[in-house]
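What follows is the content of entry_38.pdb, which has PDB, C-alpha atoms, pLDDT in the B column:
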ATOM      1  CA  MET D   1      -9.648  -3.047 -31.338  1.00 60.00           C
ATOM      2  CA  SER D   2      -8.536  -2.610 -27.731  1.00 79.00           C
ATOM      3  CA  THR D   3     -10.237   0.746 -27.270  1.00 94.00           C
ATOM      4  CA  ASP D   4     -13.639  -0.746 -28.205  1.00 95.00           C
ATOM      5  CA  THR D   5     -13.341  -3.360 -25.450  1.00 97.00           C
ATOM      6  CA  ILE D   6     -12.299  -0.736 -22.912  1.00 97.00           C
ATOM      7  CA  ARG D   7     -15.218   1.493 -23.905  1.00 97.00           C
ATOM      8  CA  ARG D   8     -17.649  -1.430 -23.551  1.00 97.00           C
ATOM      9  CA  TYR D   9     -16.182  -2.200 -20.114  1.00 98.00           C
ATOM     10  CA  TYR D  10     -16.745   1.362 -18.879  1.00 98.00           C
ATOM     11  CA  ALA D  11     -20.202   1.602 -20.497  1.00 98.00           C
ATOM     12  CA  ALA D  12     -21.165  -1.541 -18.559  1.00 98.00           C
ATOM     13  CA  PHE D  13     -19.696  -0.003 -15.382  1.00 97.00           C
ATOM     14  CA  ASN D  14     -21.801   3.130 -15.814  1.00 98.00           C
ATOM     15  CA  ALA D  15     -24.908   1.008 -16.451  1.00 97.00           C
ATOM     16  CA  GLY D  16     -24.287  -0.989 -13.264  1.00 95.00           C
ATOM     17  CA  ASP D  17     -24.010  -4.073 -15.478  1.00 96.00           C
ATOM     18  CA  ILE D  18     -21.523  -6.350 -13.703  1.00 96.00           C
ATOM     19  CA  ASP D  19     -22.211  -9.195 -16.149  1.00 97.00           C
ATOM     20  CA  GLY D  20     -21.464  -6.820 -19.024  1.00 97.00           C
ATOM     21  CA  MET D  21     -18.150  -5.905 -17.432  1.00 97.00           C
ATOM     22  CA  ILE D  22     -17.282  -9.568 -16.883  1.00 97.00           C
ATOM     23  CA  ASP D  23     -18.143 -10.303 -20.517  1.00 97.00           C
ATOM     24  CA  CYS D  24     -15.214  -8.038 -21.471  1.00 97.00           C
ATOM     25  CA  LEU D  25     -12.759 -10.109 -19.404  1.00 97.00           C
ATOM     26  CA  SER D  26     -10.574 -13.043 -20.402  1.00 97.00           C
ATOM     27  CA  ASP D  27     -10.622 -16.277 -18.421  1.00 95.00           C
ATOM     28  CA  ASP D  28      -7.156 -15.501 -17.006  1.00 95.00           C
ATOM     29  CA  PHE D  29      -8.112 -11.973 -15.901  1.00 97.00           C
ATOM     30  CA  VAL D  30      -6.348 -10.170 -13.015  1.00 97.00           C
ATOM     31  CA  HIS D  31      -7.427  -6.952 -11.288  1.00 96.00           C
ATOM     32  CA  ASP D  32      -4.892  -4.748  -9.535  1.00 93.00           C
ATOM     33  CA  VAL D  33      -5.855  -1.675  -7.533  1.00 86.00           C
ATOM     34  CA  ASN D  34      -3.532   0.937  -6.109  1.00 82.00           C
ATOM     35  CA  GLU D  35      -4.919   0.469  -2.589  1.00 78.00           C
ATOM     36  CA  GLY D  36      -5.504  -3.256  -2.284  1.00 81.00           C
ATOM     37  CA  SER D  37      -4.597  -6.804  -3.160  1.00 87.00           C
ATOM     38  CA  ARG D  38      -4.654  -8.414  -6.590  1.00 93.00           C
ATOM     39  CA  ARG D  39      -7.824 -10.270  -7.529  1.00 94.00           C
ATOM     40  CA  ASP D  40      -7.384 -13.287  -9.775  1.00 95.00           C
ATOM     41  CA  GLY D  41     -10.230 -14.377 -12.001  1.00 96.00           C
ATOM     42  CA  LYS D  42     -13.731 -13.376 -12.950  1.00 96.00           C
ATOM     43  CA  GLU D  43     -15.334 -14.760  -9.781  1.00 95.00           C
ATOM     44  CA  ALA D  44     -13.148 -12.667  -7.471  1.00 95.00           C
ATOM     45  CA  PHE D  45     -13.821  -9.630  -9.648  1.00 95.00           C
ATOM     46  CA  ALA D  46     -17.602 -10.238  -9.535  1.00 95.00           C
ATOM     47  CA  GLU D  47     -17.447 -10.431  -5.722  1.00 95.00           C
ATOM     48  CA  PHE D  48     -15.486  -7.172  -5.633  1.00 93.00           C
ATOM     49  CA  CYS D  49     -18.030  -5.466  -7.919  1.00 95.00           C
ATOM     50  CA  ALA D  50     -20.950  -6.672  -5.781  1.00 95.00           C
ATOM     51  CA  HIS D  51     -19.261  -5.309  -2.648  1.00 94.00           C
ATOM     52  CA  MET D  52     -18.526  -1.983  -4.321  1.00 95.00           C
ATOM     53  CA  SER D  53     -22.111  -1.658  -5.576  1.00 95.00           C
ATOM     54  CA  GLY D  54     -23.342  -1.983  -1.997  1.00 96.00           C
ATOM     55  CA  CYS D  55     -21.024   0.724  -0.666  1.00 97.00           C
ATOM     56  CA  TYR D  56     -20.774   3.188  -3.550  1.00 97.00           C
ATOM     57  CA  GLN D  57     -22.889   4.556  -6.359  1.00 97.00           C
ATOM     58  CA  GLU D  58     -20.530   5.816  -9.054  1.00 98.00           C
ATOM     59  CA  GLU D  59     -20.633   7.188 -12.559  1.00 98.00           C
ATOM     60  CA  LEU D  60     -17.564   7.848 -14.654  1.00 98.00           C
ATOM     61  CA  THR D  61     -17.542  10.962 -16.822  1.00 98.00           C
ATOM     62  CA  ASP D  62     -15.023  12.660 -19.100  1.00 98.00           C
ATOM     63  CA  ILE D  63     -13.703   9.231 -20.121  1.00 98.00           C
ATOM     64  CA  VAL D  64     -10.739   9.341 -22.509  1.00 98.00           C
ATOM     65  CA  VAL D  65      -9.504   5.983 -23.827  1.00 98.00           C
ATOM     66  CA  PHE D  66      -6.088   5.315 -25.340  1.00 96.00           C
ATOM     67  CA  GLY D  67      -4.813   2.218 -27.131  1.00 95.00           C
ATOM     68  CA  ASP D  68      -1.535   1.101 -28.629  1.00 94.00           C
ATOM     69  CA  GLU D  69      -1.150   0.013 -32.247  1.00 92.00           C
ATOM     70  CA  SER D  70      -0.873  -3.675 -31.351  1.00 92.00           C
ATOM     71  CA  GLY D  71      -4.270  -3.723 -29.625  1.00 91.00           C
ATOM     72  CA  THR D  72      -2.749  -5.392 -26.572  1.00 95.00           C
ATOM     73  CA  ARG D  73      -2.399  -2.377 -24.267  1.00 97.00           C
ATOM     74  CA  GLY D  74      -4.712   0.475 -23.370  1.00 97.00           C
ATOM     75  CA  ALA D  75      -5.453   3.110 -20.785  1.00 97.00           C
ATOM     76  CA  ALA D  76      -8.258   5.390 -19.741  1.00 98.00           C
ATOM     77  CA  GLU D  77      -8.640   8.424 -17.570  1.00 98.00           C
ATOM     78  CA  PHE D  78     -11.901   9.722 -16.176  1.00 98.00           C
ATOM     79  CA  ILE D  79     -13.671  11.539 -13.377  1.00 98.00           C
ATOM     80  CA  VAL D  80     -15.362   9.420 -10.697  1.00 98.00           C
ATOM     81  CA  ASN D  81     -18.616  11.008  -9.529  1.00 98.00           C
ATOM     82  CA  GLY D  82     -19.921   9.098  -6.553  1.00 98.00           C
ATOM     83  CA  THR D  83     -22.037   8.768  -3.463  1.00 98.00           C
ATOM     84  CA  TYR D  84     -20.766   6.875  -0.431  1.00 98.00           C
ATOM     85  CA  LEU D  85     -23.729   4.675   0.541  1.00 98.00           C
ATOM     86  CA  LYS D  86     -22.510   2.233   3.194  1.00 98.00           C
ATOM     87  CA  THR D  87     -19.396   2.278   5.395  1.00 98.00           C
ATOM     88  CA  ASP D  88     -16.675   0.200   3.771  1.00 96.00           C
ATOM     89  CA  GLY D  89     -14.449  -1.580   6.301  1.00 93.00           C
ATOM     90  CA  ASP D  90     -12.134   0.769   8.193  1.00 94.00           C
ATOM     91  CA  LEU D  91     -12.855   3.744   5.936  1.00 95.00           C
ATOM     92  CA  PRO D  92     -14.706   6.817   7.251  1.00 97.00           C
ATOM     93  CA  PRO D  93     -18.395   6.316   8.113  1.00 98.00           C
ATOM     94  CA  ALA D  94     -20.793   6.649   5.192  1.00 98.00           C
ATOM     95  CA  THR D  95     -23.590   9.192   5.463  1.00 97.00           C
ATOM     96  CA  GLY D  96     -24.426   9.661   1.796  1.00 98.00           C
ATOM     97  CA  GLN D  97     -21.441  11.935   1.097  1.00 98.00           C
ATOM     98  CA  THR D  98     -20.733  12.786  -2.526  1.00 98.00           C
ATOM     99  CA  TYR D  99     -17.287  12.910  -4.066  1.00 98.00           C
ATOM    100  CA  ARG D 100     -15.602  13.711  -7.337  1.00 98.00           C
ATOM    101  CA  LEU D 101     -12.051  12.677  -8.132  1.00 97.00           C
ATOM    102  CA  PRO D 102      -9.864  11.747 -11.078  1.00 98.00           C
ATOM    103  CA  GLY D 103      -9.114   8.118 -11.756  1.00 97.00           C
ATOM    104  CA  GLY D 104      -7.620   5.910 -14.386  1.00 97.00           C
ATOM    105  CA  GLY D 105      -7.102   2.389 -15.606  1.00 97.00           C
ATOM    106  CA  PHE D 106      -4.332   0.544 -17.409  1.00 97.00           C
ATOM    107  CA  PHE D 107      -5.229  -2.490 -19.493  1.00 97.00           C
ATOM    108  CA  SER D 108      -3.655  -5.542 -21.067  1.00 97.00           C
ATOM    109  CA  LEU D 109      -5.734  -7.282 -23.735  1.00 97.00           C
ATOM    110  CA  LYS D 110      -5.608 -10.484 -25.735  1.00 96.00           C
ATOM    111  CA  ASP D 111      -7.996 -11.652 -28.451  1.00 94.00           C
ATOM    112  CA  GLY D 112     -10.337  -8.723 -27.751  1.00 93.00           C
ATOM    113  CA  LYS D 113     -10.658  -9.504 -24.035  1.00 97.00           C
ATOM    114  CA  ILE D 114      -9.169  -7.747 -21.010  1.00 97.00           C
ATOM    115  CA  THR D 115      -6.515  -9.842 -19.278  1.00 97.00           C
ATOM    116  CA  ARG D 116      -5.529  -7.189 -16.710  1.00 97.00           C
ATOM    117  CA  VAL D 117      -6.848  -3.905 -15.433  1.00 97.00           C
ATOM    118  CA  THR D 118      -4.951  -1.796 -12.948  1.00 96.00           C
ATOM    119  CA  THR D 119      -7.068   0.968 -11.470  1.00 95.00           C
ATOM    120  CA  TYR D 120      -5.810   4.174  -9.922  1.00 94.00           C
ATOM    121  CA  TYR D 121      -7.421   6.828  -7.784  1.00 94.00           C
ATOM    122  CA  ASN D 122      -6.127   9.015  -4.975  1.00 94.00           C
ATOM    123  CA  LEU D 123      -7.418   7.449  -1.761  1.00 94.00           C
ATOM    124  CA  ASN D 124      -6.265  10.405   0.355  1.00 95.00           C
ATOM    125  CA  ASP D 125      -8.269  12.777  -1.853  1.00 97.00           C
ATOM    126  CA  TRP D 126     -11.346  10.562  -1.507  1.00 97.00           C
ATOM    127  CA  ILE D 127     -10.970  10.335   2.293  1.00 97.00           C
ATOM    128  CA  ALA D 128     -10.637  14.122   2.558  1.00 97.00           C
ATOM    129  CA  GLN D 129     -13.828  14.563   0.523  1.00 98.00           C
ATOM    130  CA  VAL D 130     -15.950  12.158   2.572  1.00 98.00           C
ATOM    131  CA  SER D 131     -14.563  13.011   6.033  1.00 95.00           C
TER
END

Before anything else, please render the file you have as structure tokens.
Amino acid sequence: MSTDTIRRYYAAFNAGDIDGMIDCLSDDFVHDVNEGSRRDGKEAFAEFCAHMSGCYQEELTDIVVFGDESGTRGAAEFIVNGTYLKTDGDLPPATGQTYRLPGGGFFSLKDGKITRVTTYYNLNDWIAQVS
């Protein structure tokens, strides 16, 4: 069922288990974010996760997962609870600021694996919280 895969993906995220997240992905996986470029494939996603782990410590709470009857589409909404550890590119300087903001993900699935995840968060809200 699609919601089981999505729940495993977010459980791995909260455990800091990048390999566990990647295990949920199909070989033709794509990752879209609202404030960035598309990442194609598991390797690009693993590099992204490693970068994020160096800059941010995050835990998702209040996770609600939705799935369609076909098992090929799903969504989740959650609260991102984080600490900004290391300055990320041109973003504001990191000094250990904490933040809390709503986020979400939209999923496509095939054969029990995630083929696409599109993540959403409000970058302006995050910037206001850490500035």

Within 10 Å of region 86-93 of chain D, which residues of region 106-130 of chain D come that close, and what is the closest atom pair and distance in Å for each? Count only C-alpha atoms and give it as CSV.
residue,atom,partner,partner_atom,distance
D:Ile127,CA,D:Pro92,CA,7.1
D:Ala128,CA,D:Pro92,CA,9.6
D:Val130,CA,D:Pro92,CA,7.2

Worksheet item: So which residues touch Gly16 (chain D) within 10 Å, counting all atoms listed in the file, skipping near sequence neighbours fewer than 5 positions away, as a PyMOL selection string?
Response: chain D and resi 10-11+21+49-50+53+57-59

Emit the selected residues as a short mmCIF file (atom, residue, chain, number, x, y, z; two decimals), in the frame of the given file, including C-alpha atoms.
data_model
loop_
_atom_site.label_atom_id
_atom_site.label_comp_id
_atom_site.auth_asym_id
_atom_site.auth_seq_id
_atom_site.Cartn_x
_atom_site.Cartn_y
_atom_site.Cartn_z
CA TYR D 10 -16.74 1.36 -18.88
CA ALA D 11 -20.20 1.60 -20.50
CA MET D 21 -18.15 -5.90 -17.43
CA CYS D 49 -18.03 -5.47 -7.92
CA ALA D 50 -20.95 -6.67 -5.78
CA SER D 53 -22.11 -1.66 -5.58
CA GLN D 57 -22.89 4.56 -6.36
CA GLU D 58 -20.53 5.82 -9.05
CA GLU D 59 -20.63 7.19 -12.56
#

Item to complete: Kindly resolve the PyMOL selection byres ((chain D and resi 100-106) around 8) on the present coordinates and return the residues as a ChimeraX atom specification.
Response: /D:73-82,98-99,107-108,116-122,125-126

Save out the residues we just selected, C-alpha atoms, as an mmCIF file, in the frame of the given file.
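What ended up in selection-v9.cif:
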data_model
loop_
_atom_site.group_PDB
_atom_site.id
_atom_site.type_symbol
_atom_site.label_atom_id
_atom_site.label_comp_id
_atom_site.auth_asym_id
_atom_site.auth_seq_id
_atom_site.Cartn_x
_atom_site.Cartn_y
_atom_site.Cartn_z
ATOM 1 C CA ARG D 73 -2.399 -2.377 -24.267
ATOM 2 C CA GLY D 74 -4.712 0.475 -23.370
ATOM 3 C CA ALA D 75 -5.453 3.110 -20.785
ATOM 4 C CA ALA D 76 -8.258 5.390 -19.741
ATOM 5 C CA GLU D 77 -8.640 8.424 -17.570
ATOM 6 C CA PHE D 78 -11.901 9.722 -16.176
ATOM 7 C CA ILE D 79 -13.671 11.539 -13.377
ATOM 8 C CA VAL D 80 -15.362 9.420 -10.697
ATOM 9 C CA ASN D 81 -18.616 11.008 -9.529
ATOM 10 C CA GLY D 82 -19.921 9.098 -6.553
ATOM 11 C CA THR D 98 -20.733 12.786 -2.526
ATOM 12 C CA TYR D 99 -17.287 12.910 -4.066
ATOM 13 C CA PHE D 107 -5.229 -2.490 -19.493
ATOM 14 C CA SER D 108 -3.655 -5.542 -21.067
ATOM 15 C CA ARG D 116 -5.529 -7.189 -16.710
ATOM 16 C CA VAL D 117 -6.848 -3.905 -15.433
ATOM 17 C CA THR D 118 -4.951 -1.796 -12.948
ATOM 18 C CA THR D 119 -7.068 0.968 -11.470
ATOM 19 C CA TYR D 120 -5.810 4.174 -9.922
ATOM 20 C CA TYR D 121 -7.421 6.828 -7.784
ATOM 21 C CA ASN D 122 -6.127 9.015 -4.975
ATOM 22 C CA ASP D 125 -8.269 12.777 -1.853
ATOM 23 C CA TRP D 126 -11.346 10.562 -1.507
#

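Interatomic distance, CA of Gly54 (chain D) to CA of Tyr84 (chain D): 9.4 Å.
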
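Nearest to Gly20 (chain D) of all the residues D:Ser131, D:Thr5, D:Ser70, D:Ser37 is D:Thr5, counting only C-alpha atoms.
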
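Pairwise distance (CA of Arg7 (chain D), CA of Asp19 (chain D)) equals 14.9 Å.
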
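This file gives the following result for the PyMOL selection byres ((chain D and resi 45) around 10): Ile18, Met21, Ile22, Leu25, Phe29, Val30, His31, Arg38, Arg39, Asp40, Gly41, Lys42, Glu43, Ala44, Ala46, Glu47, Phe48, Cys49, Ala50 and His51 of chain D.
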
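Compared by their closest atoms to Ala15 (chain D), and using all atoms listed in the file, the residues D:Lys110, D:Asp27, D:Phe66, D:Leu60 rank with D:Leu60 nearest.
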
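Nearest to Tyr56 (chain D) of all the residues D:Val33, D:Cys24, D:Leu109, D:Ala94 is D:Ala94, based on all atoms listed in the file.
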
Item to complete: Give the answer as one residue: which of D:Thr115, D:Thr83, D:Ser2, D:Gln97 has the shortest atom-to-atom distance to Ser26 (chain D), using all atoms listed in the file?
Response: D:Thr115

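Between CA of Arg8 (chain D) and CA of Gly67 (chain D) lies a distance of 13.8 Å.
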
Extending 5 Å beyond the listed atoms of region 6-21 of chain D on each side, what axis-aligned box results? I want centre and edge lengths in Å to one decimal, as JSON.
{"center_x": -18.6, "center_y": -3.0, "center_z": -18.6, "size_x": 22.6, "size_y": 22.3, "size_z": 20.6}

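Nearest to Thr72 (chain D) of all the residues D:Tyr9, D:Met52, D:Lys113, D:Thr95 is D:Lys113, counting all atoms listed in the file.
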